[in-house]
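Input: a single structure, listed below in structure tokens.
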Amino acid sequence: MSDAVTVTSEKPLWRRIVDFPLVTMLIALAVVIACFAIALPIAQFLLPEIPDLDANAKLDLVAIPLLIIAYKLVIRRLGEHPRDDLPLDGAGKPLLAGLGIGFVVFALVVGIAAVIGVYRVIGEGDASGLVSALIGPAIFAAISEEMVFRGILLRWIEEFAGSWAGLTTSSLLFGFAHYFNPGASVIACLWIAVEAGILLGGAYLLTRSLWLPIGIHAAWNFTQGEIFGVPVSGTTAHGFLRARLVGSPMLTGGPFGLESSVIALAVATAAGVLLVVLAVRRGELVKPRWVRRRRLKIAAA
């Protein structure tokens with residue numbers, strides 16, 4: 001313990017500044033922004049036209065590998081305690097588990113909505129937008145948003161102020177990042193912050209890996225949009241089923257979709273709380289930075 005304190009204190013000033021959790025967080029966010037800045041001209045001017053891919057999907061197709069490369073080369077090496085939250089070794093099991101959890105959670109939401117008459121199938125859909133939906137709302141949204149909100153924001157806010165502060169802050173930021181989506185409202189953002197923020201944050205805290213939340217996020221979006229034809233965070237979906245939401249906005253979520261319904265709030269939050277409880281029992285939660293340093297000093301003395 002005393003060695004760790006001594007090594008830290010001997011670091012040059014610039015390194016201590018760069019390694020400070022909130023500074024590290026800003027550097028990591030800048031790396032992500034740089035990836036988008038590079039991906040945009042590549043998608044617009046260098047990537048040829050690809051059948052069944054719209055402009056957004058083309059951008060996503062370029063940004064996905066850039067984000068992963070940037071994470072592996074830069075982001076995972078940042079901070080006082082570098083760590084790879086996207087390990088390739090053993091990624092399959094948590095990713096598949098996440099896909100299963102995401103599907104089950106939202107299928108249960110839709111099932112409850114159907115039983116009480118809120119969700120109604122009105123016909124067969126089509127798979128015309130399947131490729132774009134798979135690349136964009138599923139894969140790209142899952143990788144980019146989990147990398148930012150769990151892999152960067154939750155990680156380094158937690159390192160500075162502890163797990164509860166990291167989970168709360170990243171969840172709120174995640175929820176209100178949807179504020180400018182079609183049909184969004186303050187209530188919809190709060191619902192997303194609670195139900196999805198706790199679910200995805202809990203998955204990260206439990207495994208200390210992004211693969212489980214990435215799987216949950218991807219399956220959550222794909223299941224509601226492409227399977228059940230429910231709007232994904234306010235965005236119209238063209239799924240295998242054509243469906244209509246009927247009833248009180250509290251039950252349907254209004255134009256934003258079932259994500260902002262009390263059904264999703266209850267089901268997804270319950271699943272998220274379970275993951276957080278498991279993380280607590282495993283001892284995965286950490287104390288704020290100042291508490292940890294005080295304990296180190298006491299131990300060293």
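Following the order of the structure tokens, first chain is A, next is B, and so on, with residues numbered from 1 inside each chain and ligands from 1 in the order they appear.
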Which residues of range 184-232 of chain A come within 12 Å of range 274-298 of chain A, and for each one, what is the closest pair of atoms and their distance in Å to one decimal, counting only C-alpha atoms, sorted by chain and residue number, as a Markdown table?
| residue | atom | partner | partner_atom | distance |
| --- | --- | --- | --- | --- |
| A:Glu195 | CA | A:Leu274 | CA | 11.9 |
| A:Ala196 | CA | A:Leu275 | CA | 12.0 |
| A:Gly197 | CA | A:Val276 | CA | 11.1 |
| A:Ile198 | CA | A:Val276 | CA | 7.6 |
| A:Leu199 | CA | A:Leu275 | CA | 7.1 |
| A:Leu200 | CA | A:Leu275 | CA | 8.9 |
| A:Gly201 | CA | A:Val276 | CA | 8.0 |
| A:Gly202 | CA | A:Val276 | CA | 4.6 |
| A:Ala203 | CA | A:Leu275 | CA | 6.0 |
| A:Tyr204 | CA | A:Leu275 | CA | 9.0 |
| A:Leu205 | CA | A:Ala279 | CA | 6.0 |
| A:Leu206 | CA | A:Ala279 | CA | 4.4 |
| A:Thr207 | CA | A:Ala279 | CA | 7.9 |
| A:Arg208 | CA | A:Glu284 | CA | 8.1 |
| A:Ser209 | CA | A:Glu284 | CA | 11.9 |
| A:Leu212 | CA | A:Leu275 | CA | 11.0 |
| A:Pro213 | CA | A:Leu275 | CA | 11.0 |
May I have the residues within 10 Å of Phe256 in chain A as a VMD selection string, using only C-alpha atoms and disregarding those fewer than 2 positions away in the same chain?
chain A and resid 181 to 185 188 to 189 230 to 236 249 252 to 254 258 to 261
Computed interatomic separation between CA of Ile64 in chain A and CA of Ala97 in chain A (Å):
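According to the coordinates, CA of Ile64 in chain A and CA of Ala97 in chain A are separated by 21.2 Å.
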Extract, using only C-alpha atoms, all DNA, RNA and protein residues at most 12 Å from Phe103 in chain A, discarding same-chain residues fewer than 4 positions from it, and format them as an NGL selection string.
:A and (96-99 or 107-111 or 138 or 215-228 or 268)
Please, which residues of range 20-264 of chain A, numbered as in this document, come out strand (DSSP E or B) from DSSP, as a PyMOL selection string?
chain A and resi 119-124+232+235+241-245
For range 23-32 of chain A, work out the shell of residues within 6 Å, counting only C-alpha atoms and skipping chain neighbours fewer than 2 positions away, then give it as a CSV table (one decimal) with N, CA and C atoms, in the first residue's frame.
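Writing done, so here's result-v5.csv:
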chain,number,residue,atom,x,y,z
A,18,VAL,N,-3.1,14.6,-16.0
A,18,VAL,CA,-3.7,13.8,-17.1
A,18,VAL,C,-4.4,12.5,-16.5
A,19,ASP,N,-3.8,12.0,-15.4
A,19,ASP,CA,-4.3,10.8,-14.7
A,19,ASP,C,-5.5,11.1,-13.8
A,20,PHE,N,-5.7,12.4,-13.5
A,20,PHE,CA,-6.9,12.7,-12.6
A,20,PHE,C,-8.2,12.2,-13.3
A,21,PRO,N,-9.0,11.5,-12.6
A,21,PRO,CA,-10.1,10.8,-13.3
A,21,PRO,C,-11.0,11.7,-14.2
A,34,ALA,N,-13.2,12.7,-31.9
A,34,ALA,CA,-12.2,12.7,-33.1
A,34,ALA,C,-12.6,11.5,-34.0
A,35,CYS,N,-13.0,10.4,-33.5
A,35,CYS,CA,-13.4,9.3,-34.3
A,35,CYS,C,-14.6,9.7,-35.2
A,75,ILE,N,-7.9,4.6,-25.4
A,75,ILE,CA,-8.8,4.8,-24.2
A,75,ILE,C,-8.5,3.8,-23.1
A,79,GLY,N,-5.5,7.0,-17.8
A,79,GLY,CA,-5.8,7.0,-16.4
A,79,GLY,C,-4.8,6.4,-15.5
A,152,ILE,N,-16.7,5.2,-20.4
A,152,ILE,CA,-16.0,6.5,-20.1
A,152,ILE,C,-16.6,7.2,-18.9
A,156,TRP,N,-15.0,6.7,-15.1
A,156,TRP,CA,-14.1,7.7,-14.4
A,156,TRP,C,-14.8,8.6,-13.4
At a cut-off of 8 Å, using only C-alpha atoms, what residues contact range 122-137 of chain A? Leave out same-chain residues fewer than 6 positions from it and give the result as a list in words.
Asp52, Leu53, Asp54, Asn56, Ala57, Asp60, Leu61, Ala218, Asn221, Phe222, Glu226, Gly229, Val232, His238, Gly239, Phe240, Leu241, Arg242, Ala243 and Arg244 of chain A
I'd like the neighbourhood of Phe36 in chain A as a list in words, where a residue qualifies if any of its atoms comes within 9 Å (using only C-alpha atoms), though same-chain residues fewer than 5 positions away should be ignored.
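After dropping sequence-adjacent residues, the list is Val31, Leu59, Val62, Ala63, Leu66 and Leu67 of chain A.
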Since we have the selection now, will you write its residues out, keeping C-alpha atoms, as an mmCIF file, in the first residue's frame?
data_model
loop_
_atom_site.group_PDB
_atom_site.id
_atom_site.type_symbol
_atom_site.label_atom_id
_atom_site.label_comp_id
_atom_site.auth_asym_id
_atom_site.auth_seq_id
_atom_site.Cartn_x
_atom_site.Cartn_y
_atom_site.Cartn_z
ATOM 1 C CA VAL A 31 -10.918 10.662 -28.620
ATOM 2 C CA LEU A 59 -21.563 6.743 -41.114
ATOM 3 C CA VAL A 62 -17.312 3.562 -40.629
ATOM 4 C CA ALA A 63 -17.531 4.778 -37.026
ATOM 5 C CA LEU A 66 -12.856 3.409 -35.624
ATOM 6 C CA LEU A 67 -14.332 3.514 -32.123
#
Residue among A:Ala266, A:Ala114, A:Ala301, A:Ile157 lying closest to Leu245 in chain A, counting only C-alpha atoms:
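Nearest candidate to Leu245 in chain A out of A:Ala266, A:Ala114, A:Ala301, A:Ile157: A:Ala114.
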Just list the residues in range 48-190 of chain A DSSP gives helix (DSSP H, G or I) on the backbone, as an NGL selection string.
:A and (55-73 or 75-77 or 92-115 or 130-161 or 163-176 or 186-190)
Go ahead and compute the interatomic distance for CA of Ala264 in chain A and CA of Phe106 in chain A, in Å to one decimal.
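That distance, rounded to one decimal, is 7.6 Å.
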From the options A:Phe176, A:Tyr119, A:Tyr71, A:Trp211, which residue's atoms come nearest to Gly257 in chain A, counting only C-alpha atoms?
A:Tyr119
Residue nearest Val246 in chain A among A:Gly100, A:Val105, A:Thr169, A:Gly117 (counting only C-alpha atoms):
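The answer is A:Gly117, which sits nearest to Val246 in chain A.
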To one decimal place in Å, what is the distance between CA of Ala193 in chain A and CA of Arg76 in chain A?
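CA of Arg76 in chain A lies at a distance of 25.6 Å from CA of Ala193 in chain A.
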